[in-house]
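Engineer: Structure below; questions to follow.
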Amino acid sequence: MKYLKYITNGALFALLLAGCSDDLDNKPVVLPVSGDEIEFGAASGGFTDVNPESRTIYDVPAGSTFDNYQLLNIKWQYGIDQVRVYCPEGADGFRTADYTVKEATDASSGTSTGFLVKNGETGVRWGDTGETHNFYAFYSLGKIDEGLQTGTTVKATIPTGQEGGELKTYNNKGEEDENGTFKVITPDMTFCMMAGKGTWNPGTDKNVALTFKPIVTVLDVLVNGPSDVEFMNIVSISVRSKSGKNIVGTFSYDVKSGKYDFSATDGSNTATSIATVQTVINGNPVKLEKGHQLNVKFFLLPRGLDYYIKDDLVVSVFTEGGVVYNKTISGTGTTSSGEAGDGILEAGLITRIKTPELGGQEANNWMSQIPDNVLFSQLSLPGTKNSFAYNVDNSFNPNSGISRFYQALPPLGINATAENSTQFDEGVRVFDVQLNLTRDSRTATPVVYAGGANVVPQITLEDVLTTLNGKIHPNSKPAKPVTECAVVFLNFVNGASQGGTSSVSTWLSAVMNALDSWNQSNSGILTTFDANTTMLDMRGKIAVIFNLENSDNLPSGSAPVNYITGLSTSVQNTSIVDATFNSGAGVRIQNLHQCNNPNFESTEAGDFGYREEGIGLVPYFITKANYDDPSVSCNLIETKETLMKQINSEIASSAGNLYINDLSGFCVTANEESTGYETFEYKEWSSILGVYDWRPLGSNRWDDGHYYDYQKVRALPTDEYSGAQDGDRYLRNYNNVGRSYSDLGNGGNTCLFAEIFNAKAVNEYSSLVGSLRQPLGIVLMNFAGVGSVTTNSGNYQVQGIRLPGLIMMNNFMFPLKTGTTKAESSSKVSYSKGGDLWD
């Protein structure tokens, strides 16, 4: 009887027959029968930087360490890994099928092998067994866009955002150890694509061996921890092409001929020159300590050796707060000039890169990683609301006080004393500023207004622009390329609290005069932008945007400015606001600010206004709406969360609009300036006077603590009745008297609100993975740049570092749309192998 011997090539990987016999080397030949299903098997292999073998799980082999390994063992994930197999000579209607890799264990020897189990009701079937059968396969099934069903070509996509799995800690021997110094983000091995082949000849055994080989390029990066601080929080690690070469994206591969087609990616209008592994696990960035190392793996397009040119690929480490550390990979294995490089970057091979220790990077430079040809409108931009309002009164009472627009960090460092950092340093690139006039005239000086008054010491509009320009163009030695830009919103203040009565036209003229003057001294800095503006167009620039309620008065002057008209400044916008950008594009804004205070617990149904279980104190305007329309929700924090998600979903399906997601706001307190109120007249029986005495117009309280109880007011009778007692009250002509102050309350407890809502935003943005990722637009928030704030009443966890970090990182997790600008390097600095510094 004829016997077969199955051999696994050391440089390849065979899917072998799973057997339960003691002697796998001596199996009798069993001939196939036409129409029967074909049987396949599986086994494990390894992957090296010289002779790679197919794999789906990496681990360090015996005798090697994390610090020096050259080979990585690979094992199938039994019951998880799936492949597609196609046989053009198979039976009609049964030439393709999908399979899962399963495990078979030999009870006598204790060894195990793998075999393929069909996913559906039928598998690939034998055709004419008198003819040679050729088999073509592909791993992973989940990454096949199309193919291997009617032909030998398969289409697949390697994404920009390569979401990792678990965070594991190992010792240097490659053993899991919670006290180890090596942290590993386990890669998504479905990106490690493999192509398989097999041939069956007539007269041989019916069991088919499929030989797989990896076809993608793998870059293995080991990041060394910081040298000058105890730890750094790492948000993500990226690899990018400085020249804009496509390193990820969609490609086609003919398994039969071994030829690639990259036209789908090369012809797309998206930035596919960057790949990113997110290092945020369960909402928290990886904490990389001094002396520790972090390992991630990138899967890149299977380009040829000549594609990855010297000094083009850059490994970037993104820390929480927006500082980026770059290391240029010094090239291929051997360059055209004969110099040695970091290693071989080629289809099917794995190359290892070790970075210098983190440290020494001062300037915030996250925009340096955005390709020049990316459309500026596609970016996710973290912003600070009510800039420059960064002090809180020491006597602030969180139950009844007004904390106004308290920020913990100054946006640009102007007049800062104790603080050694600014919101710009923490990655913020959009600044929302209120401007008042020093006097009511067209020659008045625009000054920053925040927290209900002009900022002291005085900050002029010129100060803001000059200081911000210094952040964008730092005086560094040696000089570094200018990569950053900024957007500044300017908001009208009528100056009433300062004794003024400025009209919008007067204010607008004075502000434009100041901008014209500054622009003449700083030519080329101010700019406008539209849907076609690219990142290259914006580098080194400041885009000023006026927020205007109507189009009756528009900015007029020589300085280039942008403006929004139709912007509602109400703090009670319970739906998305529509406005218009000067380019003609639509503007969609989420800016509900006045929210309920869940910290208030009522002991009686009438205390502190209408409330539902768990909602707490509700502002006047929503209790009124609830009384008039019971379907209106009293939970405004929940309403704002819904609006935040709504505008996020709109961005994915709309094009050309400007999106502003204003996450700032406040929780109302037991203070009429926070909750809002409405005036009315009432009469009260006085037994002493023996009459009903009408209270004067403007009296708005029944008694302390109930001025926001709309339902109690509306429930009062309007007619007198006999037998009145002291204290009986009657409402007089409610609908015809009084004024509405329902829009008051621009600053209840902003600390409490930020603690609650910024955490919700962190959860929302952390949940955006894979195909859910999209641009986030301009995202404004309170407390950008700090993790917590402290008042005399306690400490609030406001997520002001984590939230901007997630927004910044989002720019590198999916392919952004591009314009016509050629992608150029934003950093010309190269790195020589053997050096120990970052670019």
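Labels for the structure tokens follow display order: chains A, B, ..., residues from 1 in each chain, ligands from 1.
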Identify, on the basis of only C-alpha atoms, every residue whose closest approach to Lys541 in chain A does not exceed 6 Å; exclude the query and any residue fewer than 2 positions from it along the same chain; express the result as a list in words.
Structural biologist: Cys485, Ile525, Leu526, Met538 and Arg539 of chain A
Engineer: Restricting the output to N, CA and C atoms, write the selected residues as a compact mmCIF listing (two decimals), in the first residue's frame.
Structural biologist:
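The resulting part_10.txt:
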```txt
# COMPACT_ATOMS: atom_id res chain seq x y z
N CYS A 485 -1.35 75.37 13.85
CA CYS A 485 -2.20 76.51 13.50
C CYS A 485 -3.24 76.65 14.60
N ILE A 525 -0.37 85.97 8.58
CA ILE A 525 -0.73 85.10 9.70
C ILE A 525 -2.24 84.84 9.73
N LEU A 526 -3.05 85.89 9.63
CA LEU A 526 -4.49 85.69 9.62
C LEU A 526 -4.92 85.09 8.29
N MET A 538 -2.93 75.84 6.22
CA MET A 538 -3.19 76.37 7.55
C MET A 538 -1.95 76.43 8.44
N ARG A 539 -0.89 75.74 8.09
CA ARG A 539 0.28 75.70 8.97
C ARG A 539 0.82 77.12 9.19
```
Engineer: Give me, as an mmCIF file with N, CA, C and O atoms, in the first residue's frame, all polymer residues having an atom no more than 7 Å from Phe546 in chain A, counting only C-alpha atoms and skipping those fewer than 3 positions away in the same chain.
Structural biologist:
```cif
data_model
loop_
_atom_site.group_PDB
_atom_site.id
_atom_site.type_symbol
_atom_site.label_atom_id
_atom_site.label_comp_id
_atom_site.auth_asym_id
_atom_site.auth_seq_id
_atom_site.Cartn_x
_atom_site.Cartn_y
_atom_site.Cartn_z
ATOM 1 N N PHE A 489 -12.428 82.007 17.976
ATOM 2 C CA PHE A 489 -13.788 82.536 17.882
ATOM 3 C C PHE A 489 -13.870 83.840 18.673
ATOM 4 O O PHE A 489 -13.407 83.909 19.822
ATOM 5 N N LEU A 490 -14.479 84.878 18.080
ATOM 6 C CA LEU A 490 -14.688 86.149 18.753
ATOM 7 C C LEU A 490 -16.180 86.363 18.978
ATOM 8 O O LEU A 490 -16.980 86.253 18.050
ATOM 9 N N ASN A 491 -16.559 86.682 20.223
ATOM 10 C CA ASN A 491 -17.961 86.810 20.607
ATOM 11 C C ASN A 491 -18.249 88.200 21.147
ATOM 12 O O ASN A 491 -17.456 88.766 21.918
ATOM 13 N N ASN A 562 -13.165 85.156 9.044
ATOM 14 C CA ASN A 562 -14.304 84.277 8.793
ATOM 15 C C ASN A 562 -15.435 84.704 9.717
ATOM 16 O O ASN A 562 -15.209 85.341 10.753
ATOM 17 N N TYR A 563 -16.663 84.350 9.373
ATOM 18 C CA TYR A 563 -17.760 84.660 10.272
ATOM 19 C C TYR A 563 -18.891 83.650 10.116
ATOM 20 O O TYR A 563 -19.062 83.019 9.075
ATOM 21 N N ILE A 564 -19.623 83.494 11.215
ATOM 22 C CA ILE A 564 -20.812 82.654 11.261
ATOM 23 C C ILE A 564 -21.998 83.553 11.550
ATOM 24 O O ILE A 564 -21.953 84.366 12.483
#
```
Engineer: How many Å lie between CA of Val488 in chain A and CA of Thr460 in chain A, rounded to one decimal?
Structural biologist: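 If I compute the distance from CA of Val488 in chain A to CA of Thr460 in chain A, I get 13.8 Å.
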Engineer: Which residues in range 243-429 of chain A does DSSP call alpha helix (DSSP H)? List them as a PDB file with N, CA and C atoms, in the first residue's frame.
Structural biologist:
```
ATOM      1  N   SER A 263      -4.062  49.951  -7.120  1.00  0.00           N
ATOM      2  CA  SER A 263      -4.730  51.088  -7.762  1.00  0.00           C
ATOM      3  C   SER A 263      -5.885  51.623  -6.924  1.00  0.00           C
ATOM      4  N   ALA A 264      -6.580  50.755  -6.165  1.00  0.00           N
ATOM      5  CA  ALA A 264      -7.719  51.215  -5.361  1.00  0.00           C
ATOM      6  C   ALA A 264      -7.286  52.221  -4.304  1.00  0.00           C
ATOM      7  N   THR A 265      -6.123  51.996  -3.714  1.00  0.00           N
ATOM      8  CA  THR A 265      -5.607  52.931  -2.707  1.00  0.00           C
ATOM      9  C   THR A 265      -4.909  54.112  -3.350  1.00  0.00           C
ATOM     10  N   ASP A 266      -4.078  53.844  -4.355  1.00  0.00           N
ATOM     11  CA  ASP A 266      -3.305  54.917  -4.977  1.00  0.00           C
ATOM     12  C   ASP A 266      -4.209  55.931  -5.679  1.00  0.00           C
TER      13      ASP A 266
END
```
Engineer: Here is a test: counting only C-alpha atoms, which residue of A:Val779, A:Val448, A:Val587, A:Val85 is nearest to Leu141 in chain A?
Structural biologist: A:Val85
Engineer: I'd like the contact shell of Gly164 in chain A - 8 Å cut-off, only C-alpha atoms, skipping same-chain residues fewer than 4 positions apart - returned as a list in words.
Structural biologist: Ile185, Thr186, Pro187, Asp188, Val277, Gln278 and Thr279 of chain A
Engineer: Which of these, A:Leu294, A:Ala275, A:Val248, A:Leu663, has the shortest distance to Val184 in chain A once you count only C-alpha atoms?
Structural biologist: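 That would be A:Leu294, the residue with the smallest distance to Val184 in chain A.
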